[in-house]
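J.: Below you will find the structure I want to go over with you.
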Amino acid sequence: MPQLLTNKRLILLLLGVILLVALISFSLRDRDNVSLPEQIIKDAVGAGQSVFSRPAHFVTGIFDNVDSLLNTFEENQHLKTRLEEFAGVQAEVKDLRSENEELKKIVGKEEDLRDFNPIQATVIARNPDQWEEKLILNRGANQGVKPNMAVMTASGLIGKVTLTTPTTSTVELISTLNPNYRVSAMVVGGAKDVYGLIEGYDAERHELLLKRIDANIELKKGDQVISSGLGGIFPKGVLIGTITEVTIDEFGLTKLAYVKPAADFSLLNHVIIADRLMPEVDGEDNGVTGDDES
Amino acid sequence: MIRFLIPLICLVLFFMEPVFGLFSPLNIGGELNYIVPRFLIMFLIFLTLYYDLKHAMFYGLFFGLLYDVFYIDIIGLYSFLYPATCLAAAAAFKRIPRNLLTATLLTLVLLALFEFLLYQFFLLISFTGMPLGTFITTRLWPTMIANSIFLVMLGWIFKSVMVTQLSERDNKIGLY
């Protein structure tokens with residue numbers, strides 16, 4: 001193609017490639033901060049995007065409604081069998097809750113790692129090329145969203161906020177391959193709570209990896225994993241998933257558990273951002289720990 | 001008003017992509033199938049073929065930059081690949097007969113190439129660890145099938161829009 005690559009064009013192409021490599025390496029290196037022009041573009045595109053995503057959510061809502069209408073009979077029967085059980089459980093929960101409050105009053109403890117201020121948000125876009133598991137929400141710094149906050153649906157944790165602009169925020173899903181993505185978690189269900197870290201995702205099994213569990217501790221299949229709140233930013237008690245398999249990790253020193261996520265990562269519409277009431281500190285949840293560099 | 005029809009279509013397609021992306025990944029038979037909507041690049045390739053390479057590259061650069069900043073956070077990836085694909089389309093179209101069928105086929109071939117280049121890039125910077133076989137079965141095929149349906153349905157509309165735009169522009173050449 002001689003007419004396509006004349007000298008002038010060749011030079012332009014080379015300059016372009018150099019600029020490209022520089023830009024890519026710049027934006028790969030500095031991914032925690034958003035520069036001002038980027039913020040402006042993000043906000044502008046976000047505003048346009050929410051105009052388009054609203055009718056889409058409306059349409060998917062209709063489909064969901066039809067779908068649930070078709071399943072009504074089966075669901076009703078299933079629910080009827082659970083109803084009696086539920087009444088008992090509810091009474092128990094009420095009792096335990098009031099007891100817990102009374103006990104807290106006696107001890108004089110008012111704040112709890114569990115308390116958080118929910119910020120309701122709508123997913124306006126999902127990274128369309130889907131190489132990185134990212135969502136874009138229609139709430140941003142103006143509504144009090146800060147990086148590293150936990151993001152969840154009604155069924156469980158789905159990810160955390162990585163970037164915020166005044167009116168949008170970017171969420172990295174928990175099913176990411178990013179090695180610096182950690183959530184401090186605990187296993188409930190046994191006699192004693194067991195602490196560990198959610199670190200990594202098995203893309204073939206579609207399950208999370210719960211690492212750094214003491215090798216002497218016995219874990220059972222089916223135990224529930226919740227966030228521990230000890231990582232500094234997440235509230236305590238957000239459901240992450242259930243254990244499906246327990247093995248020894250690659251060094252043979254600690255145990256590794258496969259955790260099936262409780263939340264479904266496809267077709268996400270409405271999510272809740274958890275703004276913890278307790279003061280936030282650096283920890284595993286934002287990847288700023290002392291031993292991080294080693 | 002008519003003059004802004006092409007940028008308007010670009011803008012609509014740009015915003016439609018993530019909306020359709022919300023449906024993915026599709027779970028078919030226990031396997032997750034990723035469908036990546038690539039409406040804009042297909043439109044831009046058609047723009048190159050039936051309208052003008054310069055316009056197509058300019059729109060590619062502009063929307064590529066928006067795409068990079070808003071979705072990917074890696075500036076320079078799409079803003080390079082969009083115009084480069086247009087350039088490749090222009091070069092290839094000089095050697096093959098010009099009709100709607102060849103244009104559609106060429107667009108699909110370029111789209112597969114585009115997907116593959118992106119896969120190689122994300123493999124390089126280790127955002128993904130997907131093996132090649134998995135990539136082809138769970139990403140490339142579903143994406144190509146979904147996008148070819150889109151293109152077969154709307155390709156002739158794209159073409160007729162561009163052809164009318166081009167004749168309008170040639171008539172009012174003094175305005176440019």
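Chain labels run A, B, ... following the order of the structure tokens; each chain numbers its residues from 1, and ligands are numbered from 1 in the order shown.
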Residues of chain A no more than 9 Å from chain B, counting only C-alpha atoms: send them over as number ranges by chain.

T.: A: 1, 4, 16-17, 19-28, 31, 38-39, 41-43, 45-46, 48-49, 52-53, 56-57, 124-132, 134-136, 170, 176-178, 203, 265-269

J.: Which residues, written as a PDB file with C-alpha atoms, in the first residue's frame, have at least one atom at most 12 Å from Asp52 (chain B), with only C-alpha atoms counted and residues fewer than 3 positions away on the same chain left out?

T.:
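For reference, around.pdb as written:
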```
ATOM      1  CA  ILE B   6     -23.951  10.713  11.336  1.00  0.00           C
ATOM      2  CA  LEU B  44     -17.345   3.372  11.679  1.00  0.00           C
ATOM      3  CA  ILE B  45     -16.108   0.693   9.280  1.00  0.00           C
ATOM      4  CA  PHE B  46     -19.215   1.258   7.167  1.00  0.00           C
ATOM      5  CA  LEU B  47     -18.556   4.977   7.374  1.00  0.00           C
ATOM      6  CA  THR B  48     -15.059   4.380   6.041  1.00  0.00           C
ATOM      7  CA  LEU B  49     -16.338   2.269   3.192  1.00  0.00           C
ATOM      8  CA  HIS B  55     -14.529  11.498   9.055  1.00  0.00           C
ATOM      9  CA  ALA B  56     -14.530   7.909  10.221  1.00  0.00           C
ATOM     10  CA  MET B  57     -11.074   8.254  11.776  1.00  0.00           C
ATOM     11  CA  PHE B  58     -12.015  11.485  13.484  1.00  0.00           C
ATOM     12  CA  TYR B  59     -15.155   9.990  15.002  1.00  0.00           C
ATOM     13  CA  CYS B  86     -10.896   2.249   9.891  1.00  0.00           C
ATOM     14  CA  LEU B  87      -7.542   2.622   8.162  1.00  0.00           C
ATOM     15  CA  ALA B  89     -10.825  -1.212   6.325  1.00  0.00           C
ATOM     16  CA  ALA B  90     -10.016   1.485   3.775  1.00  0.00           C
ATOM     17  CA  MET B 162     -24.377   7.264   4.228  1.00  0.00           C
ATOM     18  CA  VAL B 163     -25.119   7.230   0.535  1.00  0.00           C
ATOM     19  CA  GLN B 165     -25.538  11.948   3.198  1.00  0.00           C
ATOM     20  CA  LEU B 166     -22.730  11.719   0.688  1.00  0.00           C
ATOM     21  CA  ARG B 169     -22.720  16.795   0.765  1.00  0.00           C
TER      22      ARG B 169
END
```

J.: Between CA of Ile233 (chain A) and CA of Phe116 (chain A), measure the distance and give it in Å to one decimal.

T.: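 Between CA of Ile233 (chain A) and CA of Phe116 (chain A) the gap works out to 10.4 Å.
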
J.: Could you tell me which of A:Thr247, A:Asn180, A:Thr162, A:Thr6 comes closest to Lys211 (chain A) if we count only C-alpha atoms?

T.: A:Thr247

J.: Based on the backbone DSSP call, show me all residues of region 1-174 of chain B assigned helix (DSSP H, G or I), as JSON, numbers by chain.

T.: {"B": [2, 3, 4, 5, 6, 7, 8, 9, 10, 11, 12, 13, 14, 15, 16, 17, 18, 19, 20, 21, 39, 40, 41, 42, 43, 44, 45, 46, 47, 48, 49, 50, 53, 54, 55, 56, 57, 58, 59, 60, 61, 62, 63, 64, 65, 66, 67, 68, 69, 70, 71, 72, 78, 79, 80, 81, 82, 83, 84, 85, 86, 87, 88, 89, 90, 91, 92, 93, 100, 101, 102, 103, 104, 105, 106, 107, 108, 109, 110, 111, 112, 113, 114, 115, 116, 117, 118, 119, 120, 121, 122, 123, 124, 132, 133, 134, 135, 136, 137, 138, 139, 140, 141, 142, 143, 144, 145, 146, 147, 148, 149, 150, 151, 152, 153, 154, 155, 156, 157, 158, 159, 160, 161, 162, 163, 164, 165, 166, 167, 168, 169, 170, 171, 173, 174]}

J.: In Å, with one decimal, what is the gap from CA of Asp64 (chain A) to CA of Asp264 (chain A)?

T.: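 If I compute the distance from CA of Asp64 (chain A) to CA of Asp264 (chain A), I get 14.7 Å.
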
J.: Distance table requested - region 176-220 of chain A against region 137-154 of chain A, cut-off 12 Å, only C-alpha atoms: one row per qualifying residue with the closest atom pair and its distance in Å to one decimal, ordered by chain and rising residue number, as CSV.

T.:
```
residue,atom,partner,partner_atom,distance
A:Tyr181,CA,A:Asn148,CA,10.2
A:Arg182,CA,A:Asn148,CA,10.6
A:Val183,CA,A:Ala150,CA,9.5
A:Ser184,CA,A:Ala150,CA,11.5
```

J.: Between CA of Ala215 (chain A) and CA of Lys255 (chain A), what is the spacing in Å?

T.: 5.2 Å

J.: Check the smallest atom-to-atom distance from each of B:Leu124, B:Leu140, B:Ile149, B:Leu100 to Ala112 (chain B) using only C-alpha atoms, then report the winner.

T.: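 Of B:Leu124, B:Leu140, B:Ile149, B:Leu100, the one nearest Ala112 (chain B) is B:Leu140, counting only C-alpha atoms.
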
J.: Residues within 10 Å of Glu101 (chain A), please, as a list of chain:residue names. Count only C-alpha atoms; anything in the same chain fewer than 6 positions from it doesn't count.

T.: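 That gives A:Val107, A:Lys109, A:Glu110.
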
J.: Name the residues in contact with Pro179 (chain A) at a cut-off of 10 Å, using only C-alpha atoms, excluding same-chain residues fewer than 4 positions from it; report them as a PyMOL selection string.

T.: (chain A and resi 199-201) or (chain B and resi 127)

J.: Write out as a PyMOL selection string all residues of region 14-165 of chain B that DSSP puts in strand (DSSP E) for this structure's backbone.

T.: chain B and resi 26-28+31-33
